[in-house]
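Student: Sending over a structure as structure tokens; questions will come in a sec.
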Amino acid sequence: MTRSSRPAVPPRATLAFAIALAFTGSAFAQDSTTTLDAVQVTAQRKVENIQDVPVSITSINAEKLDVLGSGGTDIRFLSARVPSLNIESSYGRAFPRFYIRGLGNTDFDLNASQPVSLVYDDVVQENPLLKGFPVFDVEHVEVLRGPQGTLFGRNTPAGVVKFDSVRPSQELDGYAQLAYGSDAMVNFEGAVGGALGGNWSGRVSALYQRRDDWVSNTHPGPNDGFEGYDESAARVQFLYEGEAFEALFNLHRRDLNGTARLFRANIIEPGSNRFVPGFDKDEVALDGVNFSDLETWGGSARLRWDFGDLSLHSITGYETLESLNRGDIDGGYGAAFLPPGLSGPGFIPFASESADGIPDHSQLSQEFRLESDYGGRFDWQAGLFWYREDLTIDSFNYDSLSPGNPQAGHAVQEQENTAWALFASAEYAATEKLKLRGGVRYTQDDKDFSASVLEGAPFGAPVGGPYNVDTDADDVSWDASAVYEVNDAVNLYGRVAKGFRAPSIQGRLLFASAAAPNGGVSTAGSETVISYEGGIKAELFDRRARVGFNLFRYEVSDQQLIAVGGGANIATLLNADKTVGKAWAGPGGLTGRGPAADLGQQLQRHAHRRRGPYRGGLRWRLHRDRSDRQHRRWHLRADRRQPAAAGAGVDPQPDPALGRAAQRGRAVLLHRLGVPQRGQLLPVRVGRVPWPLLAGRRPARGLWLGRRRLRPGPVRS
């Protein structure tokens with residue numbers, strides 16, 4: 001082959017390219033010793049090979065997370081890099097909203113219930129502001145699609161995103177990672193851990209990220225610029241390992257100061273998808289205040305007792321937060337009723353500046369789980385889950401047209417949510433090739449809600465309240481699945497499951513109609529989901545490629561939605577009797593069917609592959625992205641592990657299938673992840689690249705290394 005630049009792969013060609021590459025086995029079938037490692041997951045609350053789990057799962061290991069998350073981005077970097085997962089936000093970095101297979105919640109209220117659950121170190125993070133905790137020093141991330149709840153934690157109708165931090169160990173290890181980019185962007189993270197004496201070990205992890213404002217305010221308003229941030233987070237863990245008892249304690253904290261959602265008025269030409277002439281993404285004209293402040297901290301205790309064939313788990317978690325987000329919602333300055341030249345850009349019907357915050361919050365959860373390990377054909381798990389959340393929400397209105405932007409309206413919401421559940425599941429090996437699984441869960445959920453208007457806003461609701469709503473709901477959810485082993489490399493699976501979401505309550509009352517029932521507080525009743533899926537998981541070409549394919553269908557009854565607008569321009573919760581989208585069909589609710597599918601692929605094509613533990617010393621990796629000449633990013637990382645014991649594995653020789661150029665070290669594979677946005681660190685990997693092409697993203701343009709110009713492309717042998 002000849003060395004040449006590889007052209008960009010269009011996004012629509014990604015799937016076809018992945019399939020074609022997966023079935024071109026001769027290119028890397030020459031070395032039977034280079035194979036994919038087994039992917040171990042804990043989706044079923046025990047360590048299993050991902051190929052044997054009858055659920056659609058994507059697992060991202062620490063090495064991939066190192067690449068994806070090294071660019072200063074928040075948790076939204078996972079969006080579009082995991083099949084069927086999308087993450088968006090209306091609060092900048094503070095409030096991610098998760099969607100799996102299109103099922104999520106557009107609601108941006110601070111007590112919004114989401115059908116996608118986030119579990120961080122076995123503790124559910126229920127409030128949307130808790131879901132944005134930064135991803136650093138994480139062992140792996142698992143995304144489980146479809147209803148979950150018969151095995152752990154909160155019930156969830158759409159799926160679970162599960163994070164597991166690197167645990168402490170008796171070996172001294174750690175890493176330090178530093179990145180620098182345009183707009184004075186700095187991204188640092190690191191960790192160190194090891195033995196503390198006796199049966200104790202510990203680990204400390206930290207993250208710091210910052211960036212200057214890069215959007216200028218052309219109007220003489222309270223803010224000169226926007227889109228900057230300053231964020232830090234830390235985690236401390238202590239692990240005790242006894243003969244029949246283990247305890248893992250976790251303390252963590254996050255502090256964020258930055259820009260809330262930046263609104264822009266009249267930037268789209270009416271009747272088109274084009275920006276208006278002269279639009280500049282680096283400029284806005286706002287007369288309102290914008291900021292985002294968030295503090296969260298929490299802790300957990302995970303205990304395990306071993307009793308031979310049985311083990312008892314206890315997971316206790318506590319989370320709390322304090323936040324305030326303020327923004328100029330009208331996206332411009334002034335108002336249309338002012339003299340000419342005092343409002344813009346374009347038509348601004350009225351000034352709108354608001355803030356929402358949580359001054360008081362606490363979440364306490366407790367889970368007990370008993371599981372068997374008989375080593376035979378039948379095993380089971382059973383547990384009890386209890387959850388309590390108390391929070392207060394402040395909503396403020398401000399007068400942007402008066403000097404100093406004074407407060408002009410205040411409403412408050414208070415909510416207490418108590419839930420408990422009993423759950424059980426079992427697995428039975430019917431034959432050597434067929435395994436059956438099933439589970440059931442009973443959930444009881446109560447909410448006590450109160451809302452009041454403490455200060456009336458102009459043209460808004462009068463002072464009044466409290467307006468109270470109480471809900472009490474219970475449900476029985478379940479799942480049943482089967483895995484059939486066609487051969488050592490191919491498994492077929494099928495699953496049907498029911499999910500449940502408890503009623504939701506909201507009360508944005510500042511601009512509610514004075515005649516609105518109960519002051520404008522709205523309630524959406526319980527939501528249920530029935531999900532069907534079937535698929536195949538296979539390893540091809542002597543474990544050089546791994547393919548997962550599945551088809552799914554889900555039906556949502558009484559889907560909870562948020563409706564914004566109407567004559568009073570307020571937000572109202574409701575249940576959809578019937579929701580139908582294009583290429584979907586089915587009575588009684590939202591249905592996804594037919595051509596919808598998840599497809600994942602993994603390819604092994606390493607110039608060097610490390611087996612066994614690290615040897616002593618430091619490992620340095622330097623990355624640079626020059627695809628955008630105006631915004632260059634550097635990324636430097638060093639890892640240190642305790643020297644390996646005698647006889648431990650060492651680096652093998654370069655894979656001969658890659659040719660002499662790779663062996664001489666002159667063939668350097670380059671890969672850039674995604675299309676960079678301003679101020680975003682998207683690293684180039686040099687040397688050991690897990691996926692030379694990942695999801696069809698366009699490769700980097702090149703990198704100067706010494707005097708040799710190296711470009712992405714096939715390796716010359």
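If you're wondering about the labels, chains in the structure tokens are A, B, ... by order shown, residues count from 1 in each chain, ligands from 1 in order shown.
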Which residues, written as a PyMOL selection string, have at least one atom at most 10 Å from segment 402-414 of chain A, with only C-alpha atoms counted and residues fewer than 3 positions away on the same chain left out?

Tutor: chain A and resi 110-111+221-222+287-289+353-358+360-361+390-399+448-458+460-468+506-511+521

Student: Could the residues in this selection be saved with N, CA and C atoms as a compact mmCIF listing (two decimals), in the first residue's frame?

Tutor:
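The resulting again_24.txt:
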```txt
# COMPACT_ATOMS: atom_id res chain seq x y z
N LEU A 110 -35.91 22.50 38.03
CA LEU A 110 -34.88 21.95 38.90
C LEU A 110 -35.33 20.75 39.74
N ASN A 111 -36.62 20.41 39.67
CA ASN A 111 -37.06 19.16 40.30
C ASN A 111 -37.60 18.20 39.25
N GLY A 221 -23.68 46.18 28.92
CA GLY A 221 -24.48 45.54 29.95
C GLY A 221 -23.65 45.15 31.16
N PRO A 222 -24.26 44.44 32.11
CA PRO A 222 -23.54 44.05 33.33
C PRO A 222 -22.38 43.10 33.07
N ASP A 287 -28.46 42.97 27.78
CA ASP A 287 -28.51 43.93 28.88
C ASP A 287 -28.80 43.26 30.22
N GLY A 288 -28.83 41.92 30.24
CA GLY A 288 -29.10 41.19 31.47
C GLY A 288 -27.86 40.55 32.07
N VAL A 289 -28.02 40.04 33.27
CA VAL A 289 -26.93 39.39 34.01
C VAL A 289 -26.94 37.90 33.67
N GLU A 353 -35.61 38.55 32.09
CA GLU A 353 -34.39 38.15 32.79
C GLU A 353 -34.81 37.40 34.05
N SER A 354 -34.29 36.19 34.24
CA SER A 354 -34.75 35.37 35.35
C SER A 354 -33.61 34.54 35.93
N ALA A 355 -33.89 33.94 37.07
CA ALA A 355 -32.92 33.06 37.73
C ALA A 355 -33.67 31.97 38.47
N ASP A 356 -33.06 30.81 38.52
CA ASP A 356 -33.58 29.69 39.30
C ASP A 356 -32.44 29.11 40.12
N GLY A 357 -32.73 28.72 41.34
CA GLY A 357 -31.70 28.17 42.20
C GLY A 357 -32.27 27.23 43.24
N ILE A 358 -31.38 26.44 43.83
CA ILE A 358 -31.74 25.54 44.92
C ILE A 358 -30.92 25.95 46.14
N ASP A 360 -31.51 24.91 49.22
CA ASP A 360 -31.52 23.86 50.24
C ASP A 360 -31.86 22.54 49.57
N HIS A 361 -31.02 21.52 49.79
CA HIS A 361 -31.25 20.23 49.16
C HIS A 361 -30.57 19.14 49.96
N ASP A 390 -35.30 16.03 49.82
CA ASP A 390 -35.95 17.29 50.20
C ASP A 390 -35.25 18.42 49.48
N LEU A 391 -36.02 19.29 48.84
CA LEU A 391 -35.39 20.42 48.16
C LEU A 391 -36.32 21.61 48.14
N THR A 392 -35.69 22.78 48.03
CA THR A 392 -36.38 24.06 47.89
C THR A 392 -35.87 24.73 46.62
N ILE A 393 -36.79 25.28 45.83
CA ILE A 393 -36.43 25.93 44.57
C ILE A 393 -36.88 27.39 44.63
N ASP A 394 -35.96 28.30 44.37
CA ASP A 394 -36.26 29.73 44.26
C ASP A 394 -36.30 30.13 42.80
N SER A 395 -37.32 30.89 42.42
CA SER A 395 -37.43 31.46 41.08
C SER A 395 -37.54 32.97 41.20
N PHE A 396 -36.68 33.69 40.46
CA PHE A 396 -36.63 35.14 40.53
C PHE A 396 -36.87 35.76 39.16
N ASN A 397 -37.47 36.94 39.16
CA ASN A 397 -37.59 37.75 37.96
C ASN A 397 -36.86 39.07 38.21
N TYR A 398 -36.26 39.64 37.14
CA TYR A 398 -35.50 40.88 37.27
C TYR A 398 -35.94 41.87 36.20
N ASP A 399 -35.77 43.13 36.51
CA ASP A 399 -36.13 44.22 35.61
C ASP A 399 -34.89 44.69 34.87
N ASP A 448 -44.77 15.22 48.37
CA ASP A 448 -45.49 16.32 49.01
C ASP A 448 -44.92 17.61 48.46
N PHE A 449 -45.76 18.41 47.82
CA PHE A 449 -45.29 19.60 47.08
C PHE A 449 -46.07 20.83 47.54
N SER A 450 -45.36 21.95 47.61
CA SER A 450 -45.97 23.22 47.99
C SER A 450 -45.29 24.34 47.22
N ALA A 451 -46.07 25.32 46.72
CA ALA A 451 -45.53 26.45 45.97
C ALA A 451 -46.24 27.73 46.37
N SER A 452 -45.48 28.83 46.39
CA SER A 452 -46.03 30.13 46.79
C SER A 452 -45.39 31.23 45.97
N VAL A 453 -46.15 32.31 45.75
CA VAL A 453 -45.62 33.54 45.16
C VAL A 453 -45.37 34.51 46.31
N LEU A 454 -44.10 34.82 46.55
CA LEU A 454 -43.74 35.71 47.66
C LEU A 454 -43.66 37.16 47.23
N GLU A 455 -43.34 37.41 45.97
CA GLU A 455 -43.28 38.77 45.42
C GLU A 455 -43.79 38.72 43.99
N GLY A 456 -44.83 39.45 43.69
CA GLY A 456 -45.40 39.42 42.37
C GLY A 456 -44.52 40.09 41.34
N ALA A 457 -44.49 39.52 40.13
CA ALA A 457 -43.75 40.09 39.02
C ALA A 457 -44.68 40.95 38.17
N PRO A 458 -44.14 41.95 37.46
CA PRO A 458 -44.98 42.76 36.57
C PRO A 458 -45.73 41.88 35.57
N GLY A 460 -47.54 39.53 36.16
CA GLY A 460 -47.51 38.15 36.59
C GLY A 460 -48.57 37.83 37.61
N ALA A 461 -48.42 36.67 38.27
CA ALA A 461 -49.38 36.22 39.26
C ALA A 461 -49.25 37.04 40.53
N PRO A 462 -50.36 37.25 41.23
CA PRO A 462 -50.29 37.99 42.49
C PRO A 462 -49.68 37.14 43.60
N VAL A 463 -49.31 37.81 44.67
CA VAL A 463 -48.80 37.10 45.84
C VAL A 463 -49.88 36.13 46.33
N GLY A 464 -49.49 34.89 46.61
CA GLY A 464 -50.47 33.90 47.05
C GLY A 464 -49.82 32.58 47.38
N GLY A 465 -50.62 31.70 47.90
CA GLY A 465 -50.16 30.37 48.27
C GLY A 465 -50.17 30.18 49.77
N PRO A 466 -49.74 29.04 50.26
CA PRO A 466 -49.16 27.94 49.47
C PRO A 466 -50.22 27.13 48.73
N TYR A 467 -49.80 26.66 47.54
CA TYR A 467 -50.62 25.77 46.73
C TYR A 467 -50.02 24.37 46.84
N ASN A 468 -50.79 23.43 47.37
CA ASN A 468 -50.26 22.12 47.74
C ASN A 468 -50.76 21.01 46.79
N GLN A 506 -44.92 20.35 39.33
CA GLN A 506 -44.17 21.59 39.13
C GLN A 506 -45.06 22.78 39.39
N GLY A 507 -44.41 23.91 39.69
CA GLY A 507 -45.17 25.13 39.95
C GLY A 507 -44.36 26.37 39.66
N ARG A 508 -44.14 26.68 38.38
CA ARG A 508 -43.51 27.95 38.00
C ARG A 508 -44.61 29.01 38.00
N LEU A 509 -44.77 29.70 39.10
CA LEU A 509 -45.98 30.48 39.33
C LEU A 509 -45.83 31.96 39.05
N LEU A 510 -44.62 32.46 38.79
CA LEU A 510 -44.44 33.91 38.68
C LEU A 510 -45.33 34.52 37.61
N PHE A 511 -45.53 33.83 36.50
CA PHE A 511 -46.31 34.39 35.40
C PHE A 511 -47.54 33.54 35.10
N VAL A 521 -50.09 25.33 39.67
CA VAL A 521 -49.32 24.11 39.89
C VAL A 521 -49.89 23.01 39.00
```

Student: Closest to Asp122 of chain A among A:Val284, A:Leu303, A:Leu312, A:Ile329, using only C-alpha atoms?

Tutor: A:Leu303

Student: Could you state the separation of atom CA of Ile536 of chain A and atom CA of Leu436 of chain A in Å, given to one decimal place?

Tutor: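 The value is 15.9 Å.
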
Student: Please provide as a PDB file with N, CA, C and O atoms, in the first residue's frame all residues within 6 Å of Ala480 of chain A, with the sequence filter that same-chain residues fewer than 3 positions apart are discarded (counting only C-alpha atoms).

Tutor:
```pdb
ATOM      1  N   ARG A 437     -33.313 -15.470  32.408  1.00  0.00           N
ATOM      2  CA  ARG A 437     -33.252 -14.519  33.513  1.00  0.00           C
ATOM      3  C   ARG A 437     -34.597 -13.831  33.651  1.00  0.00           C
ATOM      4  O   ARG A 437     -35.310 -13.629  32.667  1.00  0.00           O
ATOM      5  N   GLY A 438     -34.930 -13.457  34.879  1.00  0.00           N
ATOM      6  CA  GLY A 438     -36.169 -12.736  35.127  1.00  0.00           C
ATOM      7  C   GLY A 438     -36.094 -11.985  36.433  1.00  0.00           C
ATOM      8  O   GLY A 438     -35.315 -12.332  37.327  1.00  0.00           O
ATOM      9  N   ARG A 495     -35.185  -9.798  25.124  1.00  0.00           N
ATOM     10  CA  ARG A 495     -35.582  -9.234  26.421  1.00  0.00           C
ATOM     11  C   ARG A 495     -36.883  -8.467  26.278  1.00  0.00           C
ATOM     12  O   ARG A 495     -37.090  -7.752  25.292  1.00  0.00           O
ATOM     13  N   VAL A 496     -37.746  -8.615  27.265  1.00  0.00           N
ATOM     14  CA  VAL A 496     -38.944  -7.798  27.387  1.00  0.00           C
ATOM     15  C   VAL A 496     -38.979  -7.271  28.812  1.00  0.00           C
ATOM     16  O   VAL A 496     -38.669  -7.998  29.762  1.00  0.00           O
TER      17      VAL A 496
END
```

Student: If you run DSSP over the backbone, which residues in segment 130-194 of chain A end up strand (DSSP E)? Put them as JSON, numbers by chain.

Tutor: {"A": [138, 139, 140, 141, 142, 143, 144, 145, 159, 160, 161, 162, 163, 164, 165, 173, 174, 175, 176, 177, 178, 179, 180, 181, 185, 186, 187, 188, 189, 190, 191, 192, 193, 194]}

Student: Quick one: write out the picked residues with C-alpha atoms as a CSV table (one decimal), in the first residue's frame?

Tutor:
```
chain,number,residue,atom,x,y,z
A,138,VAL,CA,-13.1,6.6,36.2
A,139,GLU,CA,-12.5,2.9,35.5
A,140,HIS,CA,-15.3,2.6,33.0
A,141,VAL,CA,-18.8,3.8,32.0
A,142,GLU,CA,-21.7,1.5,31.1
A,143,VAL,CA,-24.8,2.5,29.3
A,144,LEU,CA,-27.7,0.1,29.7
A,145,ARG,CA,-30.6,0.6,27.3
A,159,GLY,CA,-32.0,3.2,30.8
A,160,VAL,CA,-29.1,3.8,33.0
A,161,VAL,CA,-25.7,5.5,32.6
A,162,LYS,CA,-23.4,3.9,35.2
A,163,PHE,CA,-20.0,5.3,36.3
A,164,ASP,CA,-17.4,3.4,38.4
A,165,SER,CA,-14.4,5.3,39.7
A,173,ASP,CA,-0.1,4.1,41.3
A,174,GLY,CA,-1.4,7.4,39.8
A,175,TYR,CA,-1.4,9.7,36.9
A,176,ALA,CA,-1.2,13.4,36.1
A,177,GLN,CA,-2.8,15.0,33.0
A,178,LEU,CA,-2.4,18.6,31.8
A,179,ALA,CA,-4.0,20.2,28.7
A,180,TYR,CA,-3.8,23.8,27.5
A,181,GLY,CA,-5.9,25.4,24.8
A,185,MET,CA,-8.2,27.0,28.6
A,186,VAL,CA,-6.5,24.8,31.3
A,187,ASN,CA,-7.5,21.2,32.1
A,188,PHE,CA,-5.7,19.3,34.8
A,189,GLU,CA,-6.6,16.0,36.4
A,190,GLY,CA,-4.7,13.5,38.4
A,191,ALA,CA,-4.8,10.8,41.0
A,192,VAL,CA,-2.6,9.0,43.4
A,193,GLY,CA,-3.3,5.9,45.6
A,194,GLY,CA,-1.8,3.0,47.4
```

Student: Would you please work out which residue, of A:Ala206, A:Ile267, A:Val440, A:Ala563, is nearest to Gly344 of chain A when using only C-alpha atoms?

Tutor: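 Among A:Ala206, A:Ile267, A:Val440, A:Ala563, it is A:Ile267 that comes nearest to Gly344 of chain A.
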
Student: Tell me, in Å to one decimal, how far atom CA of Asp74 of chain A is from atom CA of Phe133 of chain A.

Tutor: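 These atoms are spaced 8.3 Å apart.
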
Student: Counting only C-alpha atoms, what is within 12 Å of Ala158 of chain A, bar same-chain residues fewer than 3 positions away, as a PyMOL selection string?

Tutor: chain A and resi 56+84-85+98-105+114-118+143-149+154-155+161+497-501+527-531+553-556+559

Student: For N, CA and C atoms, I'd like the residues from the last selection saved as a short mmCIF file (atom, residue, chain, number, x, y, z; two decimals), in the first residue's frame.

Tutor:
```cif
data_model
loop_
_atom_site.label_atom_id
_atom_site.label_comp_id
_atom_site.auth_asym_id
_atom_site.auth_seq_id
_atom_site.Cartn_x
_atom_site.Cartn_y
_atom_site.Cartn_z
N SER A 56 -28.85 -4.60 25.95
CA SER A 56 -28.03 -3.78 25.07
C SER A 56 -27.17 -2.86 25.93
N SER A 84 -27.18 5.54 20.59
CA SER A 84 -28.50 5.85 21.16
C SER A 84 -28.45 6.78 22.36
N LEU A 85 -27.28 7.32 22.71
CA LEU A 85 -27.19 8.22 23.86
C LEU A 85 -27.02 9.66 23.38
N PHE A 98 -30.40 13.63 29.81
CA PHE A 98 -30.00 12.41 29.12
C PHE A 98 -31.18 11.82 28.33
N TYR A 99 -30.85 11.30 27.15
CA TYR A 99 -31.82 10.58 26.32
C TYR A 99 -31.19 9.26 25.88
N ILE A 100 -31.93 8.18 25.99
CA ILE A 100 -31.50 6.89 25.49
C ILE A 100 -32.58 6.38 24.54
N ARG A 101 -32.16 6.07 23.32
CA ARG A 101 -33.08 5.65 22.27
C ARG A 101 -34.18 6.68 22.06
N GLY A 102 -33.84 7.95 22.24
CA GLY A 102 -34.78 9.02 22.01
C GLY A 102 -35.71 9.32 23.16
N LEU A 103 -35.70 8.49 24.20
CA LEU A 103 -36.60 8.68 25.33
C LEU A 103 -35.87 9.45 26.42
N GLY A 104 -36.38 10.63 26.73
CA GLY A 104 -35.79 11.48 27.75
C GLY A 104 -36.80 12.51 28.19
N ASN A 105 -36.31 13.64 28.67
CA ASN A 105 -37.20 14.66 29.20
C ASN A 105 -36.64 16.03 28.86
N GLN A 114 -36.37 12.53 35.38
CA GLN A 114 -35.84 12.08 34.10
C GLN A 114 -35.98 10.57 33.97
N PRO A 115 -36.36 10.09 32.77
CA PRO A 115 -36.50 8.65 32.58
C PRO A 115 -35.17 7.91 32.45
N VAL A 116 -34.07 8.65 32.31
CA VAL A 116 -32.74 8.04 32.29
C VAL A 116 -32.10 8.27 33.65
N SER A 117 -31.68 7.20 34.28
CA SER A 117 -31.09 7.30 35.61
C SER A 117 -29.57 7.31 35.51
N LEU A 118 -28.91 8.10 36.34
CA LEU A 118 -27.46 8.13 36.40
C LEU A 118 -27.01 7.58 37.74
N VAL A 143 -23.48 2.01 29.65
CA VAL A 143 -24.78 2.54 29.25
C VAL A 143 -25.71 1.36 29.00
N LEU A 144 -26.74 1.23 29.82
CA LEU A 144 -27.72 0.15 29.72
C LEU A 144 -28.99 0.71 29.10
N ARG A 145 -29.45 0.10 28.03
CA ARG A 145 -30.63 0.61 27.33
C ARG A 145 -31.87 -0.19 27.72
N GLY A 146 -32.98 0.51 27.83
CA GLY A 146 -34.23 -0.13 28.18
C GLY A 146 -34.52 -0.03 29.67
N PRO A 147 -35.74 -0.37 30.09
CA PRO A 147 -36.12 -0.26 31.51
C PRO A 147 -35.21 -1.09 32.41
N GLN A 148 -34.86 -0.50 33.56
CA GLN A 148 -34.03 -1.17 34.56
C GLN A 148 -34.68 -0.96 35.92
N GLY A 149 -34.41 -1.86 36.85
CA GLY A 149 -34.94 -1.65 38.19
C GLY A 149 -35.12 -2.92 39.01
N ARG A 154 -32.95 3.12 41.84
CA ARG A 154 -34.22 3.68 41.39
C ARG A 154 -34.72 2.95 40.15
N ASN A 155 -36.03 2.94 40.01
CA ASN A 155 -36.63 2.42 38.79
C ASN A 155 -36.43 3.42 37.67
N VAL A 161 -27.11 5.19 32.92
CA VAL A 161 -25.71 5.50 32.64
C VAL A 161 -24.96 5.31 33.95
N ALA A 497 -39.31 -5.98 28.98
CA ALA A 497 -39.25 -5.37 30.30
C ALA A 497 -40.28 -4.26 30.42
N LYS A 498 -40.73 -4.06 31.63
CA LYS A 498 -41.65 -2.97 31.95
C LYS A 498 -40.96 -1.99 32.88
N GLY A 499 -41.06 -0.69 32.57
CA GLY A 499 -40.50 0.36 33.41
C GLY A 499 -41.59 1.28 33.93
N PHE A 500 -41.24 2.08 34.93
CA PHE A 500 -42.22 2.92 35.61
C PHE A 500 -41.56 4.22 36.04
N ARG A 501 -42.28 5.33 35.88
CA ARG A 501 -41.85 6.63 36.40
C ARG A 501 -42.98 7.24 37.20
N GLU A 527 -46.03 7.24 34.51
CA GLU A 527 -45.66 6.86 33.15
C GLU A 527 -45.16 5.43 33.17
N THR A 528 -45.60 4.63 32.22
CA THR A 528 -45.13 3.25 32.13
C THR A 528 -44.60 2.97 30.72
N VAL A 529 -43.64 2.06 30.65
CA VAL A 529 -42.99 1.71 29.39
C VAL A 529 -42.92 0.19 29.28
N ILE A 530 -43.26 -0.32 28.12
CA ILE A 530 -43.02 -1.72 27.77
C ILE A 530 -41.98 -1.73 26.66
N SER A 531 -40.89 -2.46 26.87
CA SER A 531 -39.78 -2.49 25.92
C SER A 531 -39.54 -3.91 25.45
N ARG A 553 -38.16 -2.18 20.26
CA ARG A 553 -39.44 -1.48 20.18
C ARG A 553 -39.87 -1.16 21.60
N TYR A 554 -40.31 0.07 21.84
CA TYR A 554 -40.85 0.40 23.16
C TYR A 554 -42.11 1.22 23.01
N GLU A 555 -43.03 1.04 23.95
CA GLU A 555 -44.31 1.73 23.97
C GLU A 555 -44.44 2.44 25.31
N VAL A 556 -44.72 3.73 25.24
CA VAL A 556 -44.87 4.55 26.44
C VAL A 556 -46.33 4.90 26.62
N GLN A 559 -47.12 9.21 28.68
CA GLN A 559 -45.80 9.82 28.71
C GLN A 559 -45.87 11.22 29.32
#
```

Student: Tell me which of A:Gly197, A:Gly92, A:Pro339, A:Pro128 sits closest to Tyr229 of chain A, counting only C-alpha atoms.

Tutor: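 Looking at the shortest contact to Tyr229 of chain A, the residue is A:Gly92.
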
Student: Excluding same-chain residues fewer than 5 positions from Ala301 of chain A, what lies within 12 Å of it counting only C-alpha atoms, as number ranges by chain?

Tutor: A: 121-123, 237-240, 246-251, 313-318, 364-368

Student: With C-alpha atoms retained, export the selected residues as a PDB file, in the first residue's frame.

Tutor:
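As written to disk, result.pdb reads:
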```pdb
ATOM      1  CA  ASP A 121     -20.304   4.574  42.227  1.00  0.00           C
ATOM      2  CA  ASP A 122     -23.505   2.591  42.919  1.00  0.00           C
ATOM      3  CA  VAL A 123     -25.394   5.678  44.217  1.00  0.00           C
ATOM      4  CA  GLN A 237     -11.703   7.012  48.807  1.00  0.00           C
ATOM      5  CA  PHE A 238     -10.720   4.600  51.560  1.00  0.00           C
ATOM      6  CA  LEU A 239     -10.928   0.830  51.110  1.00  0.00           C
ATOM      7  CA  TYR A 240     -10.761  -1.850  53.807  1.00  0.00           C
ATOM      8  CA  GLU A 246     -15.032  -5.190  52.612  1.00  0.00           C
ATOM      9  CA  ALA A 247     -15.808  -1.504  53.106  1.00  0.00           C
ATOM     10  CA  LEU A 248     -15.341   1.302  50.567  1.00  0.00           C
ATOM     11  CA  PHE A 249     -15.887   4.905  51.677  1.00  0.00           C
ATOM     12  CA  ASN A 250     -16.207   7.783  49.227  1.00  0.00           C
ATOM     13  CA  LEU A 251     -16.229  11.573  49.707  1.00  0.00           C
ATOM     14  CA  HIS A 313     -24.299  -5.663  50.257  1.00  0.00           C
ATOM     15  CA  SER A 314     -25.150  -2.342  51.891  1.00  0.00           C
ATOM     16  CA  ILE A 315     -24.936   0.931  49.944  1.00  0.00           C
ATOM     17  CA  THR A 316     -25.562   4.182  51.801  1.00  0.00           C
ATOM     18  CA  GLY A 317     -25.393   7.480  49.917  1.00  0.00           C
ATOM     19  CA  TYR A 318     -25.853  11.127  50.793  1.00  0.00           C
ATOM     20  CA  LEU A 364     -30.357  10.120  51.290  1.00  0.00           C
ATOM     21  CA  SER A 365     -30.538   6.604  49.868  1.00  0.00           C
ATOM     22  CA  GLN A 366     -30.068   3.137  51.325  1.00  0.00           C
ATOM     23  CA  GLU A 367     -29.873  -0.181  49.517  1.00  0.00           C
ATOM     24  CA  PHE A 368     -29.527  -3.689  50.915  1.00  0.00           C
TER      25      PHE A 368
END
```

Student: Between A:Asn217, A:Asn257, A:Ser300, A:Ser425, which is the closest to Asp282 of chain A once you count only C-alpha atoms?

Tutor: A:Asn217

Student: Which is closest to Ser513 of chain A among A:Phe307, A:Tyr532, A:Phe459, A:Trp386, if we use only C-alpha atoms?

Tutor: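 Going through A:Phe307, A:Tyr532, A:Phe459, A:Trp386 one by one, the smallest distance to Ser513 of chain A is for A:Phe459.
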
Student: Have a look at A:Asp183, A:Asp577, A:Glu389, A:Glu427 and name the one nearest to Asp373 of chain A; count only C-alpha atoms.

Tutor: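 Looking at the shortest contact to Asp373 of chain A, the residue is A:Glu427.
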
Student: So that I can see what lies close to Ser292 of chain A, please list as an MDAnalysis selection string the residues with an atom at most 12 Å from it, counting only C-alpha atoms and leaving out residues fewer than 5 positions away in the same chain.

Tutor: chainID A and resid 90:95 129 226:231 255:262 322:327 355:358
